[in-house]
Each structure stands twice: as structure tokens, then as C-alpha cells.
$ cat start.txt   # compact mmCIF, C-alpha atoms
# COMPACT_ATOMS: atom_id res chain seq x y z
CA MET X 4 -37.80 20.73 6.45
CA THR X 5 -37.27 18.38 9.37
CA ARG X 6 -34.25 16.14 9.60
CA LYS X 7 -34.66 12.42 9.97
CA LYS X 8 -32.70 10.84 12.79
CA ALA X 9 -30.13 8.45 11.37
CA ASP X 10 -29.87 4.85 12.47
CA LEU X 11 -26.31 3.72 13.08
CA LEU X 12 -24.91 0.45 11.87
CA GLN X 13 -22.52 -1.29 14.26
CA GLY X 14 -19.41 -0.65 12.16
CA THR X 15 -20.35 2.97 11.64
CA LEU X 16 -20.89 3.47 15.37
CA ASP X 17 -17.47 1.97 16.12
CA LEU X 18 -15.90 4.39 13.63
CA LEU X 19 -17.74 7.36 15.18
CA VAL X 20 -16.65 6.39 18.69
CA LEU X 21 -13.03 5.94 17.61
CA LYS X 22 -13.02 9.31 15.85
CA THR X 23 -14.64 11.04 18.82
CA LEU X 24 -12.02 9.59 21.17
CA ASP X 25 -9.28 10.63 18.74
CA LEU X 26 -10.27 14.22 19.50
CA GLU X 27 -10.14 13.77 23.29
CA SER X 28 -10.73 11.26 26.09
CA LEU X 29 -14.35 11.27 27.26
CA HIS X 30 -16.82 9.39 29.42
CA GLY X 31 -19.72 7.55 27.79
CA TRP X 32 -22.30 10.34 28.06
CA GLY X 33 -19.70 12.79 26.72
CA ILE X 34 -19.06 10.58 23.69
CA SER X 35 -22.77 10.44 22.93
CA LYS X 36 -23.19 14.21 23.31
CA ARG X 37 -20.10 14.99 21.22
CA ILE X 38 -21.34 12.83 18.32
CA GLN X 39 -24.73 14.55 18.52
CA GLN X 40 -23.10 17.99 18.68
CA ILE X 41 -20.70 17.46 15.78
CA SER X 42 -23.46 15.96 13.60
CA ASP X 43 -25.75 18.94 14.30
CA GLY X 44 -28.20 16.66 16.09
CA VAL X 45 -28.63 14.22 13.22
CA LEU X 46 -26.84 11.35 14.94
CA GLU X 47 -28.04 10.32 18.38
CA VAL X 48 -26.35 7.42 20.13
CA GLY X 49 -28.35 5.85 22.93
CA GLN X 50 -26.84 4.03 25.89
CA GLY X 51 -28.19 0.72 24.57
CA SER X 52 -25.94 1.08 21.52
CA LEU X 53 -23.04 3.05 22.95
CA TYR X 54 -21.99 0.87 25.86
CA PRO X 55 -21.92 -2.40 23.89
CA ALA X 56 -19.76 -0.56 21.32
CA LEU X 57 -17.42 0.66 24.05
CA TYR X 58 -17.08 -2.85 25.50
CA ARG X 59 -16.53 -4.31 22.02
CA LEU X 60 -13.81 -1.75 21.24
CA ARG X 61 -12.19 -2.32 24.64
CA ASP X 62 -12.21 -6.10 24.13
CA ARG X 63 -10.48 -5.58 20.76
CA GLY X 64 -7.79 -3.48 22.48
CA LEU X 65 -8.73 -0.33 20.54
CA ILE X 66 -9.70 1.73 23.59
CA LYS X 67 -8.93 1.63 27.29
CA SER X 68 -10.70 3.11 30.27
CA LYS X 69 -9.87 4.54 33.64
CA TRP X 70 -11.86 5.95 36.53
CA GLU X 71 -11.68 9.70 37.12
CA ILE X 72 -13.53 12.26 39.22
CA SER X 73 -15.75 14.60 37.18
CA GLU X 74 -16.28 18.31 37.79
CA GLY X 75 -19.38 17.39 39.79
CA ASP X 76 -17.30 15.18 42.14
CA ARG X 77 -18.67 11.97 40.61
CA ARG X 78 -16.67 8.94 39.57
CA VAL X 79 -16.82 8.50 35.80
CA LYS X 80 -15.19 5.99 33.50
CA VAL X 81 -13.20 7.85 30.87
CA TYR X 82 -12.30 6.18 27.58
CA GLU X 83 -9.29 6.86 25.39
CA LEU X 84 -7.74 5.44 22.23
CA THR X 85 -4.85 3.03 22.31
CA LYS X 86 -2.13 2.91 19.67
CA ALA X 87 -4.00 0.01 18.07
CA GLY X 88 -7.14 2.15 18.17
CA ARG X 89 -5.45 4.95 16.24
CA GLU X 90 -4.27 2.47 13.63
CA ALA X 91 -7.74 0.92 13.39
CA LEU X 92 -9.30 4.37 13.06
CA ALA X 93 -7.08 5.18 10.09
CA GLN X 94 -7.92 1.88 8.37
CA GLU X 95 -11.66 2.03 9.13
CA HIS X 96 -11.80 5.65 7.94
CA ALA X 97 -10.17 4.66 4.64
CA ASP X 98 -12.55 1.69 4.29
CA PHE X 99 -15.54 3.93 5.00
CA ARG X 100 -14.42 6.48 2.37
CA LEU X 101 -14.15 3.63 -0.15
CA PHE X 102 -17.66 2.45 0.77
CA VAL X 103 -19.15 5.96 0.53
CA GLY X 104 -17.53 6.49 -2.87
CA ALA X 105 -18.96 3.21 -4.15
CA MET X 106 -22.42 4.09 -2.83
CA GLU X 107 -22.28 7.51 -4.49
CA ARG X 108 -21.35 5.89 -7.81
CA VAL X 109 -24.22 3.39 -7.56
CA LEU X 110 -26.77 6.01 -6.47
CA GLY X 111 -25.59 8.36 -9.19
CA THR X 112 -26.41 5.93 -12.00
CA GLU X 113 -29.50 6.45 -14.10
$ encode --input "start.txt" --output "C-alpha cells"
Amino acid sequence: MTRKKADLLQGTLDLLVLKTLDLESLHGWGISKRIQQISDGVLEVGQGSLYPALYRLRDRGLIKSKWEISEGDRRVKVYELTKAGREALAQEHADFRLFVGAMERVLGTE
């Protein structure tokens, strides 16, 4: 059986990025790869979706960025959660659990 690649809704992508950055600070490509790795390859986040999400989250004050030098001696922008980002992650996670529960109830009806 082959797995279908999942499309990400904007709010879901924001939640995934916040959760990924809750684990550790990462650069954009690292965020994308970590989401793909943790989801066993089901979720793939392209640059065209990821960077607008990062800018949106930064503009909301949920993440911040700084320039660092990578292992390969390249400058990379590393993103990390702010205090407001941790609070938003907790709320968005709770909201998502509520949504998933409601969807399961609707899909489970006969």
C-alpha cells in the first residue's frame, strides 16, 4: 500500500512549525526535514509553504530568528519559539485536539 502525501492547511502548518521548534531551534530546511522525518515521510513541507508560515509566525511574535554559522560554514537563519509562541502552541494544540475529536465523532456516525 502506498501512502498519499498529505496537503497541509495553513493553521495545521503553523501548529507543526511551532511544535517542531518547541523541540529545538532549527533553520528552515531543518524544520521541513524534521516534520517529514517525524511523520514518517507522510508530511512534506515545501519552501513555498514553509517560509510564508515562518514570516507569519514571526510577525505574530510567536517565533524569532537569528543568523548562525552552520556546520558547513554557511550563514543560516535559525528560528526559535518565543514565550508567546509556547503559549500559542499550547492553545493551538488544545484547539486541534478538539477539532480532531469532533471530526472523529462525525466520521464515526452511520
$ residues_near_point --input "start.txt" --point "(-5.7, 8.8, 19.3)" --cutoff "9 Å" --atoms "only C-alpha atoms" --output "number ranges by chain"
X: 21-22, 24-28, 83-86, 88-90, 92
$ closest_residue --input "start.txt" --among "X:Met106, X:Leu19, X:Ala97, X:Leu29" --to "Glu71 of chain X" --atoms "all atoms listed in the file"
X:Leu29
$ axis_aligned_box --input "start.txt" --around "segment 20-25 of chain X" --padding-each-side "3 Å" --output "lines of an AutoDock Vina configuration file"
center_x = -13.0
center_y = 8.5
center_z = 18.5
size_x = 13.4
size_y = 11.1
size_z = 11.3
$ residues_around --input "start.txt" --residues "segment 30-37 of chain X" --least-positions-apart "2" --cutoff "12 Å" --atoms "only C-alpha atoms" --output "short mmCIF file (atom, residue, chain, number, x, y, z; two decimals) with C-alpha atoms, in the frame of the given file"
data_model
loop_
_atom_site.label_atom_id
_atom_site.label_comp_id
_atom_site.auth_asym_id
_atom_site.auth_seq_id
_atom_site.Cartn_x
_atom_site.Cartn_y
_atom_site.Cartn_z
CA LEU X 16 -20.89 3.47 15.37
CA ASP X 17 -17.47 1.97 16.12
CA LEU X 19 -17.74 7.36 15.18
CA VAL X 20 -16.65 6.39 18.69
CA LEU X 21 -13.03 5.94 17.61
CA LYS X 22 -13.02 9.31 15.85
CA THR X 23 -14.64 11.04 18.82
CA LEU X 24 -12.02 9.59 21.17
CA ASP X 25 -9.28 10.63 18.74
CA LEU X 26 -10.27 14.22 19.50
CA GLU X 27 -10.14 13.77 23.29
CA SER X 28 -10.73 11.26 26.09
CA GLN X 39 -24.73 14.55 18.52
CA GLN X 40 -23.10 17.99 18.68
CA ILE X 41 -20.70 17.46 15.78
CA SER X 42 -23.46 15.96 13.60
CA ASP X 43 -25.75 18.94 14.30
CA GLY X 44 -28.20 16.66 16.09
CA VAL X 45 -28.63 14.22 13.22
CA LEU X 46 -26.84 11.35 14.94
CA GLU X 47 -28.04 10.32 18.38
CA VAL X 48 -26.35 7.42 20.13
CA GLY X 49 -28.35 5.85 22.93
CA GLN X 50 -26.84 4.03 25.89
CA GLY X 51 -28.19 0.72 24.57
CA SER X 52 -25.94 1.08 21.52
CA LEU X 53 -23.04 3.05 22.95
CA TYR X 54 -21.99 0.87 25.86
CA PRO X 55 -21.92 -2.40 23.89
CA ALA X 56 -19.76 -0.56 21.32
CA LEU X 57 -17.42 0.66 24.05
CA TYR X 58 -17.08 -2.85 25.50
CA ILE X 66 -9.70 1.73 23.59
CA LYS X 67 -8.93 1.63 27.29
CA SER X 68 -10.70 3.11 30.27
CA LYS X 69 -9.87 4.54 33.64
CA TRP X 70 -11.86 5.95 36.53
CA GLU X 71 -11.68 9.70 37.12
CA ILE X 72 -13.53 12.26 39.22
CA SER X 73 -15.75 14.60 37.18
CA ARG X 77 -18.67 11.97 40.61
CA ARG X 78 -16.67 8.94 39.57
CA VAL X 79 -16.82 8.50 35.80
CA LYS X 80 -15.19 5.99 33.50
CA VAL X 81 -13.20 7.85 30.87
CA TYR X 82 -12.30 6.18 27.58
CA GLU X 83 -9.29 6.86 25.39
#
$ atom_distance --input "start.txt" --atom1 "atom CA of Ala93 of chain X" --atom2 "atom CA of Gly111 of chain X"
26.9 Å
$ atom_distance --input "start.txt" --atom1 "atom CA of Gly14 of chain X" --atom2 "atom CA of Thr112 of chain X"
26.0 Å
$ atom_distance --input "start.txt" --atom1 "atom CA of Arg61 of chain X" --atom2 "atom CA of Val103 of chain X"
26.4 Å
$ closest_residue --input "start.txt" --among "X:Ile38, X:Ala87, X:Gly104, X:Glu74" --to "Asp62 of chain X" --atoms "only C-alpha atoms"
X:Ala87
